[in-house]
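Visitor: Would you mind keeping the following structure in view while I ask a few things?
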Amino acid sequence: MAQKRYLFTPGPTPVPPQVLAALAEPVLHHRAPDFREVYARVLGRLQDVHRTESEVLLFTCSGTGAFESAIVNLCSPGERVLAVSAGSFGERWAAMARTYGCEVEELRYSWGETPTADDLRAKLGAIDPVSLVFLVHSETSTGVVADVQSLAAVAKDAGALAVVDAVSSLGAVPLEMDDWGLDVVIAGSQKALMAPPGLATAAVSAAAWEQVERSTLPSFYLDWQRTRKAQEKLDSAFTPAVSLIVALDVALGLLLEDGLESAFERHVRLGRACRAGIKAMGLELFSPDEDRAAVVTAARMPEGIDSSDLTLALRERHGVTIAGGQGELKNLIFRIGHIGWYDEFDIATALNAVELVLGELGAPIERGVAASRALEVYAEGTPV
Ligand SMILES: *Cc1c(COP(=O)(O)O)cnc(C)c1O
């Protein structure tokens, strides 16, 4: 019999059965009325989820593709930009901007640190002006969720646009594009939006559209103006992943039907439960022990055991996929994602599996307490 699979990573994430069922429907033609109806609804729902009146451009690509679209549509060769990095994704955006010939300043933290508005203000005060500040809302490599509202406010004070990577945070933790004055918000289908990988979004403010006018880097497939014109007529520029869009429509419908507030509350409780379970097992948290860190929980490996041994044994022996560490944290931490279609029993299962395998690998951990502690904490709810 096929082994049962459990997906506990911060992307891709489990997909609800209604969304999977939508993927099995006959393929629609992208210029036919039945698809246009879905396309219009998805674009509207994406605005609701991004909390914006601005256009949300939808691309068939991974989250990185949408981020690349931001760089090629906003920048010119030699463009002065600042990347705030405290992990893998912040560093990726700095590297990408350099690839396109931007002059990249970096406010660089050690992996796992939380960027602050004061540091950003000091950095911007000490360098020549930049036109863009790249921010990561949820740094999935470390579990840190930054206060992008205050970071973006500092960027705007300095006359720069705030470009935000919200790939793993959108739909999991609060993000208010318009109220917080965010200029560009990038997201992807495969994280808290509960759809498979393959679609990504770039929500673009009026100020960002002005910057697009000034940009001279070339773009074609990822060109924002071409995409906007096409979306206005519900006539996508190229053949989009129609079946993924049909599935995303169902997933966004589920998310909005329950309400974003309810999703945010559930994620806070899941984060609390997961951290409580990790601590009960006797492990040390790597990600911050705070409600905002509701996307992924990262824990340090016990002395002498590599996280690759843990993740391998979990997958091969038990069909359970969790994430190890990336980059400089490889083998030092493991990460349990808890976003999207996820509940307290997923947390309990993930903790039980980690506990079992760590025991097998000889770690001195407390057995039989993590899952029950997690369920207890989940049941406490969220005090207002
Ligand atoms: C998943 C993720 C991305 C995008 O990754 P892709 O693999 O290109 O979809 C970008 N930023 C963050 C913070 C992420 O978690």
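Ligands are numbered from 1 in the order shown, residues from 1 within each chain, and chains are lettered A, B, ... in the order they appear in the structure tokens.
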With only C-alpha atoms and all ligand atoms counted and 7 Å as the cut-off, give the residues of chain A in contact with ligand 1, each with its shortest interatomic distance in Å and the pair that gives it, as a Markdown table.

Guide:
| residue | atom | partner | partner_atom_place_in_ligand_line | distance |
| --- | --- | --- | --- | --- |
| A:Pro10 | CA | ligand 1 | 15 (O) | 6.8 |
| A:Gly11 | CA | ligand 1 | 1 (C) | 5.8 |
| A:Ser62 | CA | ligand 1 | 9 (O) | 4.0 |
| A:Gly63 | CA | ligand 1 | 9 (O) | 3.6 |
| A:Thr64 | CA | ligand 1 | 8 (O) | 3.6 |
| A:Gly65 | CA | ligand 1 | 8 (O) | 6.3 |
| A:Phe89 | CA | ligand 1 | 11 (N) | 5.4 |
| A:Val136 | CA | ligand 1 | 13 (C) | 6.3 |
| A:Ser138 | CA | ligand 1 | 13 (C) | 5.4 |
| A:Glu139 | CA | ligand 1 | 13 (C) | 4.9 |
| A:Thr140 | CA | ligand 1 | 15 (O) | 4.6 |
| A:Asp165 | CA | ligand 1 | 11 (N) | 5.7 |
| A:Ala166 | CA | ligand 1 | 13 (C) | 6.3 |
| A:Val167 | CA | ligand 1 | 12 (C) | 4.8 |
| A:Ser168 | CA | ligand 1 | 15 (O) | 4.4 |
| A:Gly188 | CA | ligand 1 | 9 (O) | 6.0 |
| A:Lys191 | CA | ligand 1 | 1 (C) | 7.0 |
| A:Pro197 | CA | ligand 1 | 9 (O) | 6.9 |

Visitor: Which polymer residues have any atom within 12 Å of an atom of A:Ile333, counting only C-alpha atoms, with same-chain residues fewer than 6 positions away left out, as JSON, numbers by chain?

Guide: {"A": [111, 112, 141, 142, 143, 283, 284, 285, 286, 287, 297, 298, 299, 300, 301, 302, 303, 304, 305, 306, 307, 308, 309, 310, 311, 322, 323, 324, 325, 326, 327]}

Visitor: If you keep N, CA and C atoms, can you produce a file of those selected residues as a tab-separated table (two decimals), in the first residue's frame?

Guide:
chain	number	residue	atom	x	y	z
A	111	TRP	N	21.40	35.49	10.82
A	111	TRP	CA	20.18	34.71	10.61
A	111	TRP	C	19.50	34.46	11.95
A	112	GLY	N	18.22	34.79	12.01
A	112	GLY	CA	17.48	34.57	13.23
A	112	GLY	C	17.21	35.86	14.00
A	141	SER	N	13.24	31.08	6.57
A	141	SER	CA	14.43	30.29	6.92
A	141	SER	C	14.72	30.32	8.42
A	142	THR	N	14.16	31.29	9.14
A	142	THR	CA	14.46	31.42	10.56
A	142	THR	C	13.22	31.41	11.46
A	143	GLY	N	12.05	31.66	10.88
A	143	GLY	CA	10.83	31.73	11.67
A	143	GLY	C	10.49	33.12	12.17
A	283	LEU	N	13.59	20.72	24.02
A	283	LEU	CA	14.42	21.33	22.98
A	283	LEU	C	14.40	22.84	23.11
A	284	GLU	N	15.41	23.47	22.49
A	284	GLU	CA	15.51	24.92	22.55
A	284	GLU	C	14.96	25.52	21.26
A	285	LEU	N	14.09	26.52	21.41
A	285	LEU	CA	13.54	27.20	20.23
A	285	LEU	C	14.65	28.00	19.55
A	286	PHE	N	14.61	28.03	18.22
A	286	PHE	CA	15.48	28.96	17.48
A	286	PHE	C	14.66	30.17	17.06
A	287	SER	N	13.44	29.94	16.59
A	287	SER	CA	12.57	31.05	16.21
A	287	SER	C	12.08	31.75	17.48
A	297	THR	N	7.87	27.22	13.06
A	297	THR	CA	8.62	27.14	14.31
A	297	THR	C	9.93	26.43	14.04
A	298	ALA	N	11.02	27.08	14.43
A	298	ALA	CA	12.35	26.49	14.24
A	298	ALA	C	12.92	26.14	15.61
A	299	ALA	N	13.51	24.95	15.70
A	299	ALA	CA	14.12	24.52	16.96
A	299	ALA	C	15.55	24.07	16.71
A	300	ARG	N	16.39	24.27	17.71
A	300	ARG	CA	17.78	23.81	17.61
A	300	ARG	C	17.84	22.30	17.76
A	301	MET	N	18.73	21.67	17.01
A	301	MET	CA	18.93	20.22	17.12
A	301	MET	C	19.66	19.92	18.43
A	302	PRO	N	19.35	18.77	19.03
A	302	PRO	CA	20.15	18.36	20.20
A	302	PRO	C	21.61	18.17	19.78
A	303	GLU	N	22.51	18.47	20.70
A	303	GLU	CA	23.96	18.29	20.50
A	303	GLU	C	24.28	16.98	19.76
A	304	GLY	N	25.08	17.08	18.72
A	304	GLY	CA	25.61	15.87	18.08
A	304	GLY	C	24.69	15.19	17.08
A	305	ILE	N	23.52	15.74	16.82
A	305	ILE	CA	22.64	15.13	15.81
A	305	ILE	C	22.36	16.17	14.71
A	306	ASP	N	22.54	15.75	13.46
A	306	ASP	CA	22.28	16.64	12.33
A	306	ASP	C	20.80	16.62	11.96
A	307	SER	N	20.28	17.77	11.59
A	307	SER	CA	18.85	17.79	11.22
A	307	SER	C	18.60	17.01	9.94
A	308	SER	N	19.63	16.84	9.10
A	308	SER	CA	19.39	16.04	7.88
A	308	SER	C	19.10	14.58	8.24
A	309	ASP	N	19.68	14.08	9.32
A	309	ASP	CA	19.37	12.71	9.76
A	309	ASP	C	17.93	12.62	10.26
A	310	LEU	N	17.50	13.66	10.94
A	310	LEU	CA	16.12	13.71	11.43
A	310	LEU	C	15.13	13.77	10.27
A	311	THR	N	15.35	14.70	9.33
A	311	THR	CA	14.38	14.88	8.24
A	311	THR	C	14.35	13.64	7.34
A	322	ILE	N	9.26	17.36	7.23
A	322	ILE	CA	9.46	18.66	7.87
A	322	ILE	C	10.68	19.27	7.19
A	323	ALA	N	11.03	20.51	7.56
A	323	ALA	CA	12.17	21.16	6.90
A	323	ALA	C	13.37	21.18	7.83
A	324	GLY	N	14.54	21.05	7.24
A	324	GLY	CA	15.77	21.23	8.01
A	324	GLY	C	16.15	22.70	7.99
A	325	GLY	N	17.41	23.00	8.24
A	325	GLY	CA	17.86	24.37	8.17
A	325	GLY	C	18.38	24.68	6.77
A	326	GLN	N	18.36	25.98	6.40
A	326	GLN	CA	18.90	26.40	5.11
A	326	GLN	C	20.22	27.11	5.35
A	327	GLY	N	21.05	27.14	4.32
A	327	GLY	CA	22.28	27.94	4.37
A	327	GLY	C	23.10	27.66	5.60

Visitor: As a PyMOL selection string, please: all residues of stretch 7-222 of chain A that backbone DSSP puts in strand (DSSP E).

Guide: chain A and resi 7+56-60+80-85+103-108+132-136+138-139+144-145+161-165+184-188+199-204

Visitor: With C-alpha atoms retained, write the just-selected residues as a PDB file, in the first residue's frame.

Guide:
ATOM      1  CA  LEU A   7       3.446  17.581   4.767  1.00  0.00           C
ATOM      2  CA  VAL A  56      -2.845  42.445  -7.803  1.00  0.00           C
ATOM      3  CA  LEU A  57      -0.916  41.047 -10.766  1.00  0.00           C
ATOM      4  CA  LEU A  58      -1.080  37.273 -11.052  1.00  0.00           C
ATOM      5  CA  PHE A  59       1.767  35.313 -12.619  1.00  0.00           C
ATOM      6  CA  THR A  60       2.318  31.686 -13.451  1.00  0.00           C
ATOM      7  CA  ARG A  80      20.303  52.341  -5.543  1.00  0.00           C
ATOM      8  CA  VAL A  81      18.299  49.930  -3.389  1.00  0.00           C
ATOM      9  CA  LEU A  82      18.514  48.658   0.183  1.00  0.00           C
ATOM     10  CA  ALA A  83      17.825  45.075   1.183  1.00  0.00           C
ATOM     11  CA  VAL A  84      17.042  44.269   4.805  1.00  0.00           C
ATOM     12  CA  SER A  85      18.229  40.713   5.307  1.00  0.00           C
ATOM     13  CA  GLU A 103      23.727  49.088  -6.500  1.00  0.00           C
ATOM     14  CA  VAL A 104      22.666  47.184  -3.404  1.00  0.00           C
ATOM     15  CA  GLU A 105      23.063  48.486   0.121  1.00  0.00           C
ATOM     16  CA  GLU A 106      22.383  45.915   2.809  1.00  0.00           C
ATOM     17  CA  LEU A 107      21.123  46.142   6.349  1.00  0.00           C
ATOM     18  CA  ARG A 108      22.334  42.682   7.153  1.00  0.00           C
ATOM     19  CA  LEU A 132      13.569  50.982  -2.933  1.00  0.00           C
ATOM     20  CA  VAL A 133      13.753  49.094   0.342  1.00  0.00           C
ATOM     21  CA  PHE A 134      13.276  45.312   0.149  1.00  0.00           C
ATOM     22  CA  LEU A 135      11.678  43.803   3.235  1.00  0.00           C
ATOM     23  CA  VAL A 136      10.826  40.232   4.169  1.00  0.00           C
ATOM     24  CA  SER A 138       8.088  36.288   7.305  1.00  0.00           C
ATOM     25  CA  GLU A 139      11.697  35.081   6.975  1.00  0.00           C
ATOM     26  CA  VAL A 144      11.102  35.463  12.348  1.00  0.00           C
ATOM     27  CA  VAL A 145       8.116  37.606  11.389  1.00  0.00           C
ATOM     28  CA  LEU A 161       9.255  52.529  -1.778  1.00  0.00           C
ATOM     29  CA  ALA A 162       8.667  49.477   0.423  1.00  0.00           C
ATOM     30  CA  VAL A 163       8.773  46.197  -1.505  1.00  0.00           C
ATOM     31  CA  VAL A 164       7.628  43.359   0.726  1.00  0.00           C
ATOM     32  CA  ASP A 165       8.141  39.613   0.423  1.00  0.00           C
ATOM     33  CA  VAL A 184       4.645  46.200  -3.539  1.00  0.00           C
ATOM     34  CA  VAL A 185       3.580  42.949  -1.888  1.00  0.00           C
ATOM     35  CA  ILE A 186       4.748  39.633  -3.292  1.00  0.00           C
ATOM     36  CA  ALA A 187       3.015  36.350  -2.452  1.00  0.00           C
ATOM     37  CA  GLY A 188       2.786  32.772  -3.697  1.00  0.00           C
ATOM     38  CA  LEU A 199       1.153  30.939  -9.017  1.00  0.00           C
ATOM     39  CA  ALA A 200       2.574  34.140  -7.574  1.00  0.00           C
ATOM     40  CA  THR A 201       1.315  37.663  -7.107  1.00  0.00           C
ATOM     41  CA  ALA A 202       2.650  41.189  -7.114  1.00  0.00           C
ATOM     42  CA  ALA A 203       0.314  43.808  -5.681  1.00  0.00           C
ATOM     43  CA  VAL A 204       1.395  47.248  -6.906  1.00  0.00           C
TER      44      VAL A 204
END

Visitor: Could you check which of A:Ala146, A:Ala206, A:Leu23, A:Cys61 is closest to A:Asp291, using only C-alpha atoms?

Guide: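 Checking each of A:Ala146, A:Ala206, A:Leu23, A:Cys61 against A:Asp291, counting only C-alpha atoms, the winner is A:Ala146.
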
Visitor: Considering only C-alpha atoms, can you say which of A:Ser262, A:Ser169, A:Leu314, A:Ala294 comes closest to A:Ala353?

Guide: A:Leu314

Visitor: List every residue of stretch 230-335 of chain A that has an atom at most 10 Å from any atom of stretch 48-54 of chain A, giving for each one its closest atom pair and the distance in Å to one decimal, counting only C-alpha atoms, sorted by chain and then by ascending residue number, as a Markdown table.

Guide:
| residue | atom | partner | partner_atom | distance |
| --- | --- | --- | --- | --- |
| A:Leu252 | CA | A:Val49 | CA | 8.0 |
| A:Leu255 | CA | A:Val49 | CA | 8.7 |
| A:Leu256 | CA | A:Val49 | CA | 7.7 |
| A:Gly259 | CA | A:Val49 | CA | 9.6 |
| A:Leu260 | CA | A:Val49 | CA | 7.5 |

Visitor: Need the shell around stretch 360-367 of chain A: protein/DNA/RNA residues with any atom at most 7 Å away, counting only C-alpha atoms. Skip same-chain ones fewer than 5 positions apart. Format as a list in words?

Guide: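 Contacts, with the query itself left out: Met281, Gly282, Pro302 and Glu355 of chain A.
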
Visitor: Within 12 Å of stretch 32-34 of chain A, counting only C-alpha atoms, which residues show up once you throw out same-chain ones fewer than 5 positions away? Write them as JSON, numbers by chain, please.

Guide: {"A": [26, 27, 39, 40, 41, 233, 234, 235, 236, 239, 242, 246]}

Visitor: If we count only C-alpha atoms, what is near A:Tyr100 at a cut-off of 10 Å, once residues fewer than 4 positions away on the same chain are taken out, given as a list of chain:residue names?

Guide: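 In the requested form, the answer reads A:Glu68, A:Ile71, A:Val72, A:Cys75, A:Ser76, A:Pro77, A:Gly78, A:Glu79, A:Ala95, A:Met96, A:Leu217.
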
Visitor: For the alpha helix (DSSP H) assignment from backbone DSSP, which residues of stretch 203-252 of chain A qualify? Please present them as a PyMOL selection string.

Guide: chain A and resi 206-214+224-232+242-252

Visitor: Give me, please, the distance in Å between atom CA of A:Ser88 and atom CA of A:Ala293, quoted to one decimal.

Guide: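 Atom-to-atom, atom CA of A:Ser88 and atom CA of A:Ala293 are spaced 16.6 Å apart.
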
Visitor: May I have the residues within 7 Å of A:Gly340 as a list in words, using only C-alpha atoms and disregarding those fewer than 4 positions away in the same chain?

Guide: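 Neighbouring residues, sequence-local ones excluded: Thr13, Ala172, Lys191, Ala192, Leu193 and Met194 of chain A.
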
Visitor: Using only C-alpha atoms, pick whichever of A:Gln149, A:Thr382, A:Thr321, A:Ser131 has the shortest atom-to-atom distance to A:Val268.

Guide: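 Using only C-alpha atoms, the shortest distance to A:Val268 belongs to A:Thr382.
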
Visitor: Rounded to one decimal place, report the atom CA of A:Val250-atom CA of A:Ala22 distance in Å.

Guide: 7.4 Å

Visitor: Which is closer to A:Leu43 than all the others in A:Val15, A:Ser205, A:Arg31, A:Glu232, using only C-alpha atoms?

Guide: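 For A:Leu43, the nearest of the given residues is A:Glu232.
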